[in-house]
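Q: Provided herewith: target_5.pdb, PDB, C-alpha atoms.
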MODEL        1
ATOM      1  CA  MET A1174      55.059  83.606  63.252
ATOM      2  CA  PRO A1175      53.070  82.382  66.290
ATOM      3  CA  THR A1176      50.096  84.589  67.119
ATOM      4  CA  ASP A1177      51.160  84.939  70.758
ATOM      5  CA  ARG A1178      54.101  87.098  69.702
ATOM      6  CA  VAL A1179      53.989  90.845  69.190
ATOM      7  CA  ALA A1180      56.280  92.952  66.991
ATOM      8  CA  VAL A1181      58.159  95.320  69.290
ATOM      9  CA  GLY A1182      60.958  96.572  67.078
ATOM     10  CA  ALA A1183      63.292  96.035  64.160
ATOM     11  CA  PHE A1184      67.010  96.021  63.455
ATOM     12  CA  ALA A1185      68.107  99.134  61.569
ATOM     13  CA  GLY A1186      71.701  98.141  60.833
ATOM     14  CA  ALA A1187      75.109  98.242  62.456
ATOM     15  CA  PHE A1188      76.470 101.004  64.661
ATOM     16  CA  GLY A1189      80.234 101.361  64.553
ATOM     17  CA  VAL A1190      82.567  98.456  63.876
ATOM     18  CA  LYS A1191      82.332  96.526  67.145
ATOM     19  CA  GLY A1192      79.084  94.658  66.515
ATOM     20  CA  ASP A1193      76.694  97.148  68.082
ATOM     21  CA  VAL A1194      73.317  97.469  66.366
ATOM     22  CA  ARG A1195      70.802 100.206  65.722
ATOM     23  CA  LEU A1196      67.341  99.213  66.949
ATOM     24  CA  LYS A1197      64.025 100.789  66.026
ATOM     25  CA  SER A1198      61.579 100.386  68.896
ATOM     26  CA  PHE A1199      57.809 100.295  68.296
ATOM     27  CA  CYS A1200      57.060 100.438  72.045
ATOM     28  CA  ALA A1201      55.246 103.302  73.765
ATOM     29  CA  ASP A1202      58.433 103.857  75.792
ATOM     30  CA  PRO A1203      61.200 102.976  73.301
ATOM     31  CA  ALA A1204      63.628 101.792  75.997
ATOM     32  CA  SER A1205      61.170  99.180  77.259
ATOM     33  CA  ILE A1206      62.024  96.922  74.295
ATOM     34  CA  ALA A1207      64.945  95.561  76.343
ATOM     35  CA  GLU A1208      62.561  94.414  79.093
ATOM     36  CA  TYR A1209      60.715  91.981  76.832
ATOM     37  CA  VAL A1210      63.607  89.572  76.200
ATOM     38  CA  PRO A1211      63.862  86.973  74.818
ATOM     39  CA  LEU A1212      63.100  88.511  71.425
ATOM     40  CA  TYR A1213      62.703  86.514  68.230
ATOM     41  CA  THR A1214      63.142  87.282  64.554
ATOM     42  CA  GLU A1215      60.768  86.003  61.868
ATOM     43  CA  ASP A1216      63.156  83.169  61.017
ATOM     44  CA  GLY A1217      63.132  81.960  64.635
ATOM     45  CA  ARG A1218      66.471  83.338  65.833
ATOM     46  CA  ARG A1219      66.379  84.080  69.541
ATOM     47  CA  PHE A1220      68.081  86.956  71.402
ATOM     48  CA  ASP A1221      68.234  86.520  75.177
ATOM     49  CA  GLN A1222      70.151  89.647  75.997
ATOM     50  CA  ILE A1223      69.737  93.204  74.745
ATOM     51  CA  VAL A1224      71.674  95.992  76.452
ATOM     52  CA  LEU A1225      70.848  99.538  75.428
ATOM     53  CA  ILE A1226      73.984 101.662  75.323
ATOM     54  CA  GLY A1227      72.756 104.883  73.774
ATOM     55  CA  GLN A1228      70.589 106.668  71.296
ATOM     56  CA  GLY A1229      71.337 107.493  67.665
ATOM     57  CA  ASN A1230      69.418 108.966  64.747
ATOM     58  CA  ASN A1231      65.812 107.761  65.227
ATOM     59  CA  ALA A1232      67.102 104.543  66.746
ATOM     60  CA  LEU A1233      68.464 103.044  69.933
ATOM     61  CA  ILE A1234      72.020 101.739  70.046
ATOM     62  CA  ALA A1235      72.223  98.278  71.568
ATOM     63  CA  ARG A1236      74.549  95.397  72.252
ATOM     64  CA  VAL A1237      72.791  92.177  71.368
ATOM     65  CA  GLY A1238      73.814  88.758  72.645
ATOM     66  CA  GLY A1239      75.418  86.669  69.871
ATOM     67  CA  VAL A1240      76.200  89.636  67.606
ATOM     68  CA  THR A1241      79.872  90.542  67.861
ATOM     69  CA  THR A1242      80.917  91.849  64.437
ATOM     70  CA  LYS A1243      79.800  94.640  62.155
ATOM     71  CA  GLU A1244      79.083  92.075  59.423
ATOM     72  CA  SER A1245      76.706  90.058  61.607
ATOM     73  CA  ALA A1246      75.015  93.282  62.760
ATOM     74  CA  ASP A1247      74.585  94.406  59.153
ATOM     75  CA  ALA A1248      73.105  91.025  58.231
ATOM     76  CA  LEU A1249      70.265  91.614  60.690
ATOM     77  CA  LYS A1250      69.221  94.904  59.092
ATOM     78  CA  GLY A1251      65.492  95.065  58.391
ATOM     79  CA  GLN A1252      64.556  92.038  60.515
ATOM     80  CA  ARG A1253      61.664  92.536  62.871
ATOM     81  CA  LEU A1254      61.855  91.600  66.539
ATOM     82  CA  TYR A1255      58.964  89.861  68.263
ATOM     83  CA  ALA A1256      58.316  89.475  71.994
ATOM     84  CA  GLU A1257      56.255  86.834  73.732
ATOM     85  CA  ARG A1258      52.894  88.322  74.670
ATOM     86  CA  ALA A1259      53.206  86.540  78.049
ATOM     87  CA  ASN A1260      56.321  88.601  78.895
ATOM     88  CA  MET A1261      54.339  91.829  78.909
ATOM     89  CA  PRO A1262      53.170  92.995  82.342
ATOM     90  CA  ALA A1263      49.537  92.458  83.372
ATOM     91  CA  LEU A1264      47.340  95.539  83.158
ATOM     92  CA  PRO A1265      44.678  96.881  85.537
ATOM     93  CA  ASP A1266      40.964  96.460  84.785
ATOM     94  CA  ASP A1267      39.671  98.399  81.792
ATOM     95  CA  GLU A1268      43.139  98.716  80.319
ATOM     96  CA  TYR A1269      44.116  96.559  77.337
ATOM     97  CA  TYR A1270      47.045  96.131  75.003
ATOM     98  CA  TYR A1271      46.274  97.216  71.446
ATOM     99  CA  SER A1272      47.549  93.838  70.296
ATOM    100  CA  ASP A1273      44.917  92.071  72.451
ATOM    101  CA  LEU A1274      42.073  94.164  71.040
ATOM    102  CA  ILE A1275      43.041  93.919  67.376
ATOM    103  CA  GLY A1276      41.233  91.014  65.742
ATOM    104  CA  LEU A1277      38.454  90.672  68.332
ATOM    105  CA  GLU A1278      34.958  90.172  66.986
ATOM    106  CA  VAL A1279      32.534  93.003  67.668
ATOM    107  CA  VAL A1280      28.829  92.346  68.187
ATOM    108  CA  ASP A1281      26.100  94.758  69.210
ATOM    109  CA  THR A1282      23.912  94.318  72.289
ATOM    110  CA  GLY A1283      21.398  92.380  70.190
ATOM    111  CA  GLY A1284      24.067  89.862  69.144
ATOM    112  CA  ASN A1285      24.382  91.114  65.557
ATOM    113  CA  ARG A1286      27.905  91.017  64.188
ATOM    114  CA  LEU A1287      29.406  94.443  63.463
ATOM    115  CA  GLY A1288      32.824  93.241  62.347
ATOM    116  CA  ARG A1289      36.353  92.836  63.643
ATOM    117  CA  VAL A1290      38.692  95.324  65.296
ATOM    118  CA  LYS A1291      41.106  96.421  62.569
ATOM    119  CA  ALA A1292      43.088  98.963  64.577
ATOM    120  CA  VAL A1293      43.075 101.014  67.744
ATOM    121  CA  LEU A1294      43.577 104.742  67.198
ATOM    122  CA  ASN A1295      44.253 107.626  69.534
ATOM    123  CA  HIS A1296      44.435 111.143  68.173
ATOM    124  CA  GLY A1297      44.505 112.817  71.592
ATOM    125  CA  ALA A1298      40.791 112.635  72.332
ATOM    126  CA  GLY A1299      40.375 109.125  73.702
ATOM    127  CA  ASP A1300      40.948 105.681  72.243
ATOM    128  CA  ILE A1301      38.931 104.654  69.187
ATOM    129  CA  LEU A1302      38.299 101.169  67.838
ATOM    130  CA  GLU A1303      38.296 100.911  64.060
ATOM    131  CA  VAL A1304      35.877  98.097  63.239
ATOM    132  CA  GLN A1305      35.748  96.519  59.811
ATOM    133  CA  GLY A1306      32.552  94.762  58.765
ATOM    134  CA  LYS A1307      33.697  93.014  55.596
ATOM    135  CA  PRO A1308      37.261  92.577  54.326
ATOM    136  CA  GLY A1309      38.052  95.626  52.206
ATOM    137  CA  GLY A1310      34.784  97.220  53.237
ATOM    138  CA  GLU A1311      34.097 100.449  55.041
ATOM    139  CA  THR A1312      35.105 100.782  58.678
ATOM    140  CA  ILE A1313      33.284 102.326  61.609
ATOM    141  CA  LEU A1314      34.983 104.292  64.367
ATOM    142  CA  LEU A1315      33.772 103.355  67.831
ATOM    143  CA  PRO A1316      34.795 105.391  70.891
ATOM    144  CA  PHE A1317      36.453 103.044  73.414
ATOM    145  CA  THR A1318      34.308 104.104  76.383
ATOM    146  CA  LEU A1319      32.294 102.180  78.956
ATOM    147  CA  ALA A1320      29.077 103.471  77.380
ATOM    148  CA  ALA A1321      29.960 102.494  73.805
ATOM    149  CA  VAL A1322      31.874  99.305  74.623
ATOM    150  CA  PRO A1323      30.294  97.786  77.751
ATOM    151  CA  THR A1324      31.981  94.371  77.508
ATOM    152  CA  VAL A1325      35.471  93.345  76.427
ATOM    153  CA  ASP A1326      36.161  89.613  76.673
ATOM    154  CA  VAL A1327      39.666  89.038  75.362
ATOM    155  CA  GLY A1328      39.580  85.345  76.337
ATOM    156  CA  ALA A1329      36.437  84.707  74.313
ATOM    157  CA  GLY A1330      37.669  86.980  71.505
ATOM    158  CA  ARG A1331      34.571  89.125  71.669
ATOM    159  CA  ILE A1332      33.570  92.723  72.283
ATOM    160  CA  VAL A1333      29.989  93.757  72.940
ATOM    161  CA  ALA A1334      29.356  97.263  71.667
ATOM    162  CA  ASP A1335      26.476  99.652  72.082
ATOM    163  CA  PRO A1336      27.275 102.066  69.246
ATOM    164  CA  PRO A1337      26.102 105.599  70.008
ATOM    165  CA  GLU A1338      23.753 107.210  67.530
ATOM    166  CA  GLY A1339      25.793 108.671  64.675
ATOM    167  CA  VAL A1340      28.521 106.009  64.627
ATOM    168  CA  LEU A1341      26.958 103.500  62.253
ATOM    169  CA  PRO A1342      26.717 104.551  58.592
ATOM    170  CA  GLY A1343      23.385 106.209  57.849
ATOM    171  CA  SER A1344      22.654 107.000  61.494
ATOM    172  CA  GLY A1345      22.683 110.451  63.073
ATOM    173  CA  ASP A1346      21.648 113.726  61.558
ATOM    174  CA  GLU A1347      23.214 115.304  58.536
ATOM    175  CA  HIS A1348      24.794 118.697  57.901
TER
ATOM    176  CA  MET B 316      44.772 143.572  73.436
ATOM    177  CA  ALA B 317      45.163 140.906  70.790
ATOM    178  CA  ARG B 318      42.533 140.924  68.079
ATOM    179  CA  SER B 319      41.501 137.342  68.811
ATOM    180  CA  ILE B 320      40.815 138.176  72.463
ATOM    181  CA  TRP B 321      38.310 140.961  71.823
ATOM    182  CA  LYS B 322      36.610 139.039  69.030
ATOM    183  CA  GLY B 323      36.192 135.928  71.149
ATOM    184  CA  PRO B 324      36.565 132.325  70.028
ATOM    185  CA  PHE B 325      35.078 131.360  66.678
ATOM    186  CA  VAL B 326      32.457 128.614  66.571
ATOM    187  CA  ASP B 327      30.160 127.812  63.669
ATOM    188  CA  ALA B 328      26.602 128.543  64.768
ATOM    189  CA  TYR B 329      25.295 125.108  63.826
ATOM    190  CA  VAL B 330      27.829 123.433  66.138
ATOM    191  CA  LEU B 331      26.506 125.444  69.092
ATOM    192  CA  LYS B 332      22.932 124.531  68.170
ATOM    193  CA  LYS B 333      23.674 120.826  67.845
ATOM    194  CA  ALA B 334      25.657 120.755  71.096
ATOM    195  CA  GLU B 335      22.843 122.480  72.952
ATOM    196  CA  ALA B 336      20.259 120.077  71.552
ATOM    197  CA  ALA B 337      22.398 117.068  72.465
ATOM    198  CA  ARG B 338      22.907 118.319  76.005
ATOM    199  CA  GLU B 339      19.173 118.806  76.465
ATOM    200  CA  ALA B 340      18.324 115.399  74.978
ATOM    201  CA  ASN B 341      20.996 113.760  77.196
ATOM    202  CA  ARG B 342      21.323 110.835  74.781
ATOM    203  CA  ASN B 343      24.303 108.612  74.073
ATOM    204  CA  GLU B 344      25.188 110.058  70.679
ATOM    205  CA  VAL B 345      28.045 111.255  68.532
ATOM    206  CA  ILE B 346      27.302 114.763  67.254
ATOM    207  CA  LYS B 347      28.311 114.828  63.601
ATOM    208  CA  ILE B 348      30.059 118.053  62.637
ATOM    209  CA  TRP B 349      32.003 119.202  59.608
ATOM    210  CA  SER B 350      33.414 122.343  61.180
ATOM    211  CA  ARG B 351      37.038 121.564  61.926
ATOM    212  CA  ARG B 352      37.721 125.279  62.417
ATOM    213  CA  SER B 353      35.413 125.697  65.394
ATOM    214  CA  THR B 354      36.958 126.303  68.800
ATOM    215  CA  ILE B 355      36.184 123.857  71.614
ATOM    216  CA  LEU B 356      34.199 125.727  74.265
ATOM    217  CA  PRO B 357      33.692 124.875  77.969
ATOM    218  CA  GLN B 358      30.043 123.926  77.339
ATOM    219  CA  PHE B 359      31.195 121.102  75.019
ATOM    220  CA  VAL B 360      32.981 119.209  77.813
ATOM    221  CA  GLY B 361      31.539 115.714  78.253
ATOM    222  CA  LEU B 362      29.999 115.576  74.771
ATOM    223  CA  THR B 363      31.303 113.388  71.951
ATOM    224  CA  PHE B 364      31.601 114.966  68.516
ATOM    225  CA  GLY B 365      32.153 113.153  65.243
ATOM    226  CA  VAL B 366      34.561 115.489  63.483
ATOM    227  CA  TYR B 367      34.757 115.004  59.723
ATOM    228  CA  ASN B 368      38.248 114.339  58.339
ATOM    229  CA  GLY B 369      37.263 114.284  54.680
ATOM    230  CA  GLN B 370      36.308 110.596  54.769
ATOM    231  CA  LYS B 371      34.506 109.850  57.999
ATOM    232  CA  HIS B 372      33.513 111.326  61.333
ATOM    233  CA  VAL B 373      36.189 110.682  63.943
ATOM    234  CA  PRO B 374      34.788 110.462  67.512
ATOM    235  CA  VAL B 375      36.229 113.211  69.713
ATOM    236  CA  ASN B 376      35.369 112.927  73.385
ATOM    237  CA  VAL B 377      35.739 116.491  74.696
ATOM    238  CA  THR B 378      37.585 116.935  77.999
ATOM    239  CA  GLU B 379      38.558 120.050  79.940
ATOM    240  CA  ASP B 380      42.132 120.169  78.702
ATOM    241  CA  MET B 381      40.906 120.486  75.093
ATOM    242  CA  ILE B 382      39.157 123.824  75.652
ATOM    243  CA  GLY B 383      40.493 126.516  73.310
ATOM    244  CA  GLN B 384      41.799 124.071  70.713
ATOM    245  CA  LYS B 385      40.100 123.520  67.352
ATOM    246  CA  PHE B 386      38.097 120.370  66.602
ATOM    247  CA  GLY B 387      40.242 119.638  63.556
ATOM    248  CA  GLU B 388      43.304 119.042  65.722
ATOM    249  CA  TYR B 389      41.751 115.803  67.001
ATOM    250  CA  SER B 390      40.656 114.436  63.646
ATOM    251  CA  PRO B 391      43.709 113.911  61.434
ATOM    252  CA  THR B 392      43.151 113.790  57.702
ATOM    253  CA  ARG B 393      45.932 111.257  57.170
ATOM    254  CA  THR B 394      46.034 108.009  59.099
ATOM    255  CA  TYR B 395      49.236 106.321  60.194
ATOM    256  CA  TYR B 396      48.581 103.042  61.954
ATOM    257  CA  GLY B 397      52.070 102.270  63.229
ATOM    258  CA  HIS B 398      52.677  99.158  65.321
ATOM    259  CA  ALA B 399      50.581  97.987  68.251
ATOM    260  CA  ALA B 400      53.632  96.689  70.223
ATOM    261  CA  ASP B 401      52.963  97.379  73.919
ATOM    262  CA  LYS B 402      50.636 100.338  73.474
ATOM    263  CA  LYS B 403      47.658 100.389  75.829
ATOM    264  CA  ALA B 404      44.061 101.562  75.518
ATOM    265  CA  LYS B 405      42.070 102.574  78.570
ATOM    266  CA  ARG B 406      38.278 102.354  78.637
ATOM    267  CA  LYS B 407      36.856 105.458  80.367
TER
ENDMDL
END
Let me see whether you can do it: turn the structure in this file into structure tokens.

A:
Amino acid sequence: MPTDRVAVGAFAGAFGVKGDVRLKSFCADPASIAEYVPLYTEDGRRFDQIVLIGQGNNALIARVGGVTTKESADALKGQRLYAERANMPALPDDEYYYSDLIGLEVVDTGGNRLGRVKAVLNHGAGDILEVQGKPGGETILLPFTLAAVPTVDVGAGRIVADPPEGVLPGSGDEH
Amino acid sequence: MARSIWKGPFVDAYVLKKAEAAREANRNEVIKIWSRRSTILPQFVGLTFGVYNGQKHVPVNVTEDMIGQKFGEYSPTRTYYGHAADKKAKRK
């Protein structure tokens, strides 16, 4: 799968007998999956048209171009759908897609490597970058603020961080 | 009057002490706390706490709309990553 594609959903099976499909959307607004056409499956199949026609149990009901029978809809079950990153709208300054941040290299203000962004988390108290130093090693949680992350250069694949005291293992006071 | 109103919000004493010290020092720091049961008070707004979830300290940047909640609500003990898809992060 090309790296410039982002998983936005998955087929969850057929709906009814007329070739409609159940779609699981991974998007922040589930209905926005239809705006990112064309969508691709892992095996390279392309879907140029997706029309949402309703909502079912934990899934959207959609009519997908090229799928006209229940059997063909069932055959797609479990396949992931990928959108071209370029089809996603541009964002204002200081706003980034999670998919752009994941994988960026993180260095501190002195140029020392801290690791790579493993995930972006948000538990209701601001975005957090989970940075992994070594594969399988411990991760650090870095608040995604201007003070802690002064520079984000997606083009260069680099983030410059100024970790606050208490973020790095062994720093900050104890109980 | 409800019992919780006359008793006032519960906060572990050490959390208050650490928050006060951090505010006076005015440093860029994450205040490590283990007290998930403590209530978020108005004087904590603007500070960043590292709330322990059993494994690590999760940064919690306190804002006004969090007052009255408990710290533990912002530091889940189980992590579900989900899919990045078109989700956005804003640097504040």

Q: Which is closest to chain A among B:Ala337, B:Glu344, B:Leu362, B:Ile355, if we use all atoms listed in the file?

A: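 The shortest atom-to-atom distance to chain A comes from B:Glu344.
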
Q: Have a look at atom CA of B:Phe364 and atom CA of A:Val1322 and let me know their distance in Å, one decimal.

A: 16.8 Å

Q: Quick one, how far is atom CA of B:Gly383 from atom CA of A:Ala1321?

A: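 Between atom CA of B:Gly383 and atom CA of A:Ala1321 the gap works out to 26.2 Å.
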
Q: When distances are computed from all atoms listed in the file, which of A:Gly1189, A:Pro1323, A:Pro1316, A:Gly1229 shows the smallest separation from chain B?

A: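 Among the listed residues, A:Pro1316 lies closest to chain B.
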
Q: Since I can't run it myself right now, could you work out what the PyMOL selection byres ((chain A and resi 1332-1346) around 7) selects here and report it as a list in words?

A: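 That selection, the PyMOL selection byres ((chain A and resi 1332-1346) around 7), comes back as Leu1277, Glu1278, Val1279, Val1280, Asp1281, Thr1282, Ile1313, Leu1314, Leu1315, Ala1321, Val1322, Pro1323, Thr1324, Val1325, Asp1326, Arg1331, Glu1347 and His1348 of chain A; Asn343, Glu344, Val345, Ile346 and Lys347 of chain B.
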
Q: Save out the residues we just selected, C-alpha atoms, as a PDB file, in the frame of the given file.

A:
ATOM      1  CA  LEU A1277      38.454  90.672  68.332  1.00  0.00           C
ATOM      2  CA  GLU A1278      34.958  90.172  66.986  1.00  0.00           C
ATOM      3  CA  VAL A1279      32.534  93.003  67.668  1.00  0.00           C
ATOM      4  CA  VAL A1280      28.829  92.346  68.187  1.00  0.00           C
ATOM      5  CA  ASP A1281      26.100  94.758  69.210  1.00  0.00           C
ATOM      6  CA  THR A1282      23.912  94.318  72.289  1.00  0.00           C
ATOM      7  CA  ILE A1313      33.284 102.326  61.609  1.00  0.00           C
ATOM      8  CA  LEU A1314      34.983 104.292  64.367  1.00  0.00           C
ATOM      9  CA  LEU A1315      33.772 103.355  67.831  1.00  0.00           C
ATOM     10  CA  ALA A1321      29.960 102.494  73.805  1.00  0.00           C
ATOM     11  CA  VAL A1322      31.874  99.305  74.623  1.00  0.00           C
ATOM     12  CA  PRO A1323      30.294  97.786  77.751  1.00  0.00           C
ATOM     13  CA  THR A1324      31.981  94.371  77.508  1.00  0.00           C
ATOM     14  CA  VAL A1325      35.471  93.345  76.427  1.00  0.00           C
ATOM     15  CA  ASP A1326      36.161  89.613  76.673  1.00  0.00           C
ATOM     16  CA  ARG A1331      34.571  89.125  71.669  1.00  0.00           C
ATOM     17  CA  GLU A1347      23.214 115.304  58.536  1.00  0.00           C
ATOM     18  CA  HIS A1348      24.794 118.697  57.901  1.00  0.00           C
TER      19      HIS A1348
ATOM     20  CA  ASN B 343      24.303 108.612  74.073  1.00  0.00           C
ATOM     21  CA  GLU B 344      25.188 110.058  70.679  1.00  0.00           C
ATOM     22  CA  VAL B 345      28.045 111.255  68.532  1.00  0.00           C
ATOM     23  CA  ILE B 346      27.302 114.763  67.254  1.00  0.00           C
ATOM     24  CA  LYS B 347      28.311 114.828  63.601  1.00  0.00           C
TER      25      LYS B 347
END
